[in-house]
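Novice: Once you've had a glance at the structure underneath, I'll fire off some questions.
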Amino acid sequence: MPGPLAQVRVLDLSRVLAGPWAGQNLADLGAEVIKIERPQSGDDARAFGPPWVKDVGGRDTSDSAYFTAANRGKKSVTVNIAHPAGQAIVRELARVSDVLIENYKFGDLARYKLGYEDLKALNPRLIYCSVTGFGQTGPYRERPGYDFMILGMGGVMLITPPMPWIMKS
């Protein structure tokens with residue numbers, strides 16, 4: 001039985017966790033989610049292992065379980081948005097999508113004419129979801145934001161026990 005979002009197409013330009021997890025939830029609800037990844041390396045989270053996904057013979061693959069868990073149910077395509085041909089592909093997908101999820105730093109997609117204003121002109125009904133550490137306005141908007149950095153800024157790291165698996169070099 002199709003899910004409640006079976007008629008929804010999502011263009012997922014996100015990577016690592018927050019954005020991909022949002023897209024994965026929409027896929028779980030039946031949306032068609034098209035994930036855009038960089039050529040050669042793909043989403044950074046593909047390499048966040050161990051644990052690694054096993055092949056049919058029980059051997060480790062090059063995809064982490066972390067990546068797979070946050071991206072299940074998606075279609076994936078590699079596109080180089082730094083090149084005009086790649087930008088054209090993303091514009092065309094945005095034109096026929098209902099939702100776009102991205103987690104680039106403020107202004108990065110606008111440099112390629114793929115920001116909210118650019119894509120809204122192509123598809124006025126597009127729901128544009130930007131997942132950033134500091135939002136689109138305010139004094140920190142141009143800073144990247146990751147969980148541990150936000151925890152540190154908020155003082156939560158002061159009460160968090162050491163995490164030895166992160167400290168390994």
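In the structure tokens, chains take the letters A, B, ... in the order shown, each chain's residues start at 1, and ligands count up from 1 in the order shown.
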Any chance you could tabulate, as JSON lines, the residues of segment 9-62 of chain A at most 12 Å from segment 135-154 of chain A with each one's nearest atom pair and distance in Å to one decimal, using only C-alpha atoms, in chain and rising number order?
Specialist:
{"residue": "A:Arg15", "atom": "CA", "partner": "A:Tyr146", "partner_atom": "CA", "distance": 11.9}
{"residue": "A:Val16", "atom": "CA", "partner": "A:Tyr146", "partner_atom": "CA", "distance": 10.0}
{"residue": "A:Leu17", "atom": "CA", "partner": "A:Tyr146", "partner_atom": "CA", "distance": 9.8}
{"residue": "A:Ala18", "atom": "CA", "partner": "A:Tyr146", "partner_atom": "CA", "distance": 9.6}
Novice: Produce a file of the selected residues containing N, CA, C and O atoms, as a compact mmCIF listing (two decimals), in the first residue's frame.
Specialist:
# COMPACT_ATOMS: atom_id res chain seq x y z
N ARG A 15 23.55 16.36 3.08
CA ARG A 15 24.57 15.35 3.35
C ARG A 15 24.74 15.19 4.84
O ARG A 15 24.26 15.99 5.62
N VAL A 16 25.42 14.17 5.25
CA VAL A 16 25.78 13.79 6.61
C VAL A 16 24.55 13.31 7.37
O VAL A 16 24.17 12.17 7.21
N LEU A 17 23.87 14.10 8.21
CA LEU A 17 22.79 13.51 9.00
C LEU A 17 21.47 14.27 9.02
O LEU A 17 20.45 13.73 8.61
N ALA A 18 21.43 15.50 9.47
CA ALA A 18 20.14 16.17 9.70
C ALA A 18 19.28 16.21 8.44
O ALA A 18 18.11 15.82 8.45
Novice: Determine, counting only C-alpha atoms, which protein, DNA and RNA residues have an atom within 12 Å of an atom of Leu29 of chain A; residues of the same chain fewer than 4 positions away are not included. Present the result as a PDB file with N, CA, C and O atoms, in the first residue's frame.
Specialist:
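Listed below is the output, result.pdb:
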ATOM      1  N   MET A   1       0.848  -1.173   0.000  1.00  0.00           N
ATOM      2  CA  MET A   1       0.000   0.000   0.000  1.00  0.00           C
ATOM      3  C   MET A   1       0.896   1.240   0.000  1.00  0.00           C
ATOM      4  O   MET A   1       1.830   1.341   0.798  1.00  0.00           O
ATOM      5  N   PRO A   2       0.622   2.185  -0.898  1.00  0.00           N
ATOM      6  CA  PRO A   2       1.440   3.399  -0.938  1.00  0.00           C
ATOM      7  C   PRO A   2       1.254   4.239   0.327  1.00  0.00           C
ATOM      8  O   PRO A   2       0.187   4.259   0.928  1.00  0.00           O
ATOM      9  N   GLY A   3       2.324   4.934   0.693  1.00  0.00           N
ATOM     10  CA  GLY A   3       2.276   5.786   1.870  1.00  0.00           C
ATOM     11  C   GLY A   3       1.540   7.091   1.598  1.00  0.00           C
ATOM     12  O   GLY A   3       1.206   7.408   0.457  1.00  0.00           O
ATOM     13  N   PRO A   4       1.299   7.878   2.641  1.00  0.00           N
ATOM     14  CA  PRO A   4       0.539   9.120   2.492  1.00  0.00           C
ATOM     15  C   PRO A   4       1.233  10.181   1.632  1.00  0.00           C
ATOM     16  O   PRO A   4       0.573  11.090   1.143  1.00  0.00           O
ATOM     17  N   LEU A   5       2.526  10.042   1.404  1.00  0.00           N
ATOM     18  CA  LEU A   5       3.243  11.022   0.577  1.00  0.00           C
ATOM     19  C   LEU A   5       3.606  10.447  -0.790  1.00  0.00           C
ATOM     20  O   LEU A   5       4.530  10.924  -1.451  1.00  0.00           O
ATOM     21  N   ALA A   6       2.865   9.448  -1.252  1.00  0.00           N
ATOM     22  CA  ALA A   6       3.193   8.745  -2.487  1.00  0.00           C
ATOM     23  C   ALA A   6       3.209   9.666  -3.707  1.00  0.00           C
ATOM     24  O   ALA A   6       3.868   9.356  -4.692  1.00  0.00           O
ATOM     25  N   GLN A   7       2.530  10.770  -3.667  1.00  0.00           N
ATOM     26  CA  GLN A   7       2.487  11.692  -4.813  1.00  0.00           C
ATOM     27  C   GLN A   7       3.479  12.845  -4.675  1.00  0.00           C
ATOM     28  O   GLN A   7       3.447  13.792  -5.448  1.00  0.00           O
ATOM     29  N   VAL A   8       4.372  12.770  -3.695  1.00  0.00           N
ATOM     30  CA  VAL A   8       5.313  13.855  -3.414  1.00  0.00           C
ATOM     31  C   VAL A   8       6.710  13.477  -3.904  1.00  0.00           C
ATOM     32  O   VAL A   8       7.186  12.378  -3.642  1.00  0.00           O
ATOM     33  N   ARG A   9       7.353  14.415  -4.603  1.00  0.00           N
ATOM     34  CA  ARG A   9       8.742  14.225  -5.037  1.00  0.00           C
ATOM     35  C   ARG A   9       9.625  15.186  -4.244  1.00  0.00           C
ATOM     36  O   ARG A   9       9.375  16.382  -4.201  1.00  0.00           O
ATOM     37  N   VAL A  10      10.679  14.638  -3.647  1.00  0.00           N
ATOM     38  CA  VAL A  10      11.617  15.406  -2.827  1.00  0.00           C
ATOM     39  C   VAL A  10      12.985  15.388  -3.488  1.00  0.00           C
ATOM     40  O   VAL A  10      13.501  14.320  -3.838  1.00  0.00           O
ATOM     41  N   ALA A  22      15.888  13.802   7.455  1.00  0.00           N
ATOM     42  CA  ALA A  22      14.589  14.382   7.098  1.00  0.00           C
ATOM     43  C   ALA A  22      14.078  13.758   5.805  1.00  0.00           C
ATOM     44  O   ALA A  22      12.909  13.363   5.712  1.00  0.00           O
ATOM     45  N   GLY A  23      14.970  13.636   4.807  1.00  0.00           N
ATOM     46  CA  GLY A  23      14.574  13.010   3.549  1.00  0.00           C
ATOM     47  C   GLY A  23      14.200  11.550   3.717  1.00  0.00           C
ATOM     48  O   GLY A  23      13.264  11.059   3.081  1.00  0.00           O
ATOM     49  N   GLN A  24      14.918  10.850   4.584  1.00  0.00           N
ATOM     50  CA  GLN A  24      14.622   9.444   4.837  1.00  0.00           C
ATOM     51  C   GLN A  24      13.232   9.290   5.468  1.00  0.00           C
ATOM     52  O   GLN A  24      12.484   8.387   5.110  1.00  0.00           O
ATOM     53  N   ASN A  25      12.868  10.188   6.362  1.00  0.00           N
ATOM     54  CA  ASN A  25      11.529  10.144   6.961  1.00  0.00           C
ATOM     55  C   ASN A  25      10.449  10.359   5.906  1.00  0.00           C
ATOM     56  O   ASN A  25       9.406   9.696   5.932  1.00  0.00           O
ATOM     57  N   VAL A  33      12.165  10.231  -3.173  1.00  0.00           N
ATOM     58  CA  VAL A  33      13.258  11.104  -2.761  1.00  0.00           C
ATOM     59  C   VAL A  33      14.452  10.861  -3.680  1.00  0.00           C
ATOM     60  O   VAL A  33      14.933   9.734  -3.798  1.00  0.00           O
ATOM     61  N   ARG A  72      17.937   5.366   3.434  1.00  0.00           N
ATOM     62  CA  ARG A  72      17.159   4.261   2.875  1.00  0.00           C
ATOM     63  C   ARG A  72      15.944   4.806   2.111  1.00  0.00           C
ATOM     64  O   ARG A  72      15.411   5.866   2.422  1.00  0.00           O
ATOM     65  N   GLY A  73      15.562   4.070   1.109  1.00  0.00           N
ATOM     66  CA  GLY A  73      14.363   4.411   0.357  1.00  0.00           C
ATOM     67  C   GLY A  73      14.539   5.539  -0.644  1.00  0.00           C
ATOM     68  O   GLY A  73      13.564   6.006  -1.226  1.00  0.00           O
ATOM     69  N   LYS A  74      15.771   5.970  -0.890  1.00  0.00           N
ATOM     70  CA  LYS A  74      16.016   7.085  -1.810  1.00  0.00           C
ATOM     71  C   LYS A  74      16.622   6.586  -3.115  1.00  0.00           C
ATOM     72  O   LYS A  74      17.282   5.557  -3.151  1.00  0.00           O
TER      73      LYS A  74
END
Novice: May I have the residues within 8 Å of Ser62 of chain A as a ChimeraX atom specification, using only C-alpha atoms and disregarding those fewer than 3 positions away in the same chain?
Specialist: /A:46-47,52-53
Novice: Which residue out of A:Val156, A:Ala110, A:Ala31, A:Val131 has the minimum interatomic distance to Ile81 of chain A when only C-alpha atoms are used?
Specialist: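 Nearest candidate to Ile81 of chain A out of A:Val156, A:Ala110, A:Ala31, A:Val131: A:Ala110.
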Novice: Could you pull out the helix (DSSP H, G or I) residues of segment 121-153 of chain A from DSSP and send them as a list in words?
Specialist: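 So, restricting segment 121-153 of chain A to helix (DSSP H, G or I), we get Ala121, Leu122, Asp147, Phe148, Met149, Ile150, Leu151, Gly152 and Met153 of chain A.
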Novice: Could you write out, as an MDAnalysis selection string, all the residues of chain A that DSSP marks as strand (DSSP E)?
Specialist: chainID A and resid 9:13 32:37 52:54 60:64 74:78 99:102 127:130
Novice: Rounded to one decimal in Å, what is the spacing between atom CA of Asn80 of chain A and atom CA of Glu37 of chain A?
Specialist: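 Separating atom CA of Asn80 of chain A from atom CA of Glu37 of chain A is a distance of 8.0 Å.
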Novice: Write out as a list in words the residues lying within 10 Å of Asp118 of chain A, counting only C-alpha atoms and excluding same-chain residues fewer than 6 positions away.
Specialist: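 Within the cut-off, the hits are Arg91, Leu109, Ala110 and Tyr112 of chain A.
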Novice: Those same residues - all heavy atoms - I'd like them written as a CSV table (one decimal), in the first residue's frame.
Specialist:
chain,number,residue,atom,x,y,z
A,91,ARG,N,18.3,22.3,-11.5
A,91,ARG,CA,17.2,23.2,-11.8
A,91,ARG,C,16.0,22.4,-12.4
A,91,ARG,O,14.8,22.7,-12.0
A,91,ARG,CB,17.6,24.3,-12.8
A,91,ARG,CG,18.4,25.4,-12.1
A,91,ARG,CD,18.6,26.6,-13.1
A,91,ARG,NE,19.8,27.3,-12.6
A,91,ARG,CZ,21.0,27.1,-13.0
A,91,ARG,NH1,21.3,26.2,-14.0
A,91,ARG,NH2,22.0,27.8,-12.5
A,109,LEU,N,24.6,27.7,-2.2
A,109,LEU,CA,23.8,27.3,-3.4
A,109,LEU,C,23.4,28.5,-4.2
A,109,LEU,O,23.3,28.4,-5.5
A,109,LEU,CB,22.5,26.6,-3.0
A,109,LEU,CG,22.7,25.2,-2.5
A,109,LEU,CD1,21.4,24.5,-2.0
A,109,LEU,CD2,23.4,24.3,-3.6
A,110,ALA,N,23.3,29.7,-3.6
A,110,ALA,CA,23.0,30.9,-4.4
A,110,ALA,C,24.1,31.2,-5.4
A,110,ALA,O,23.9,31.8,-6.4
A,110,ALA,CB,22.7,32.1,-3.4
A,112,TYR,N,25.6,29.3,-7.2
A,112,TYR,CA,25.4,28.5,-8.4
A,112,TYR,C,24.0,28.7,-9.0
A,112,TYR,O,23.6,28.0,-9.9
A,112,TYR,CB,25.5,27.0,-8.0
A,112,TYR,CG,26.9,26.6,-7.5
A,112,TYR,CD1,27.0,26.2,-6.2
A,112,TYR,CD2,28.0,26.7,-8.2
A,112,TYR,CE1,28.2,25.8,-5.6
A,112,TYR,CE2,29.3,26.4,-7.7
A,112,TYR,CZ,29.3,25.9,-6.4
A,112,TYR,OH,30.6,25.6,-5.9
Novice: Using only C-alpha atoms, can you tell me which of A:Met157, A:Pro51, A:Phe134, A:Lys35 comes closest to Leu100 of chain A?
Specialist: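 Comparing A:Met157, A:Pro51, A:Phe134, A:Lys35 against Leu100 of chain A, the winner is A:Lys35.
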Novice: Which of these, A:Val90, A:Val99, A:Leu114, A:Ala69, has the shortest distance to Ile127 of chain A once you count only C-alpha atoms?
Specialist: A:Val99
Novice: With a distance cut-off of 12 Å and only C-alpha atoms, select the neighbouring residues of Lys113 of chain A, excluding the residue or stretch itself and same-chain residues fewer than 3 positions from it, and output the selection as an MDAnalysis selection string.
Specialist: chainID A and resid 81:84 86:88 90:91 107:110 116:122
Novice: When distances are computed from only C-alpha atoms, which of A:Ala65, A:Leu126, A:Leu13, A:Ile159 shows the smallest separation from Ile36 of chain A?
Specialist: A:Leu13
Novice: Report, in Å to a single decimal, how far apart atom CA of Leu26 of chain A and atom CA of Val56 of chain A are.
Specialist: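 Atom CA of Val56 of chain A sits 27.9 Å away from atom CA of Leu26 of chain A.
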Novice: Can you work out which one of A:Gly58, A:Tyr128, A:Asp43, A:Phe48 has the shortest atom-to-atom distance to Ser14 of chain A, counting only C-alpha atoms?
Specialist: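 Selected residue with least distance to Ser14 of chain A: A:Asp43.
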Novice: Atom CA of Pro124 of chain A to atom CA of Asp98 of chain A: how many Å, to one decimal?
Specialist: 9.8 Å
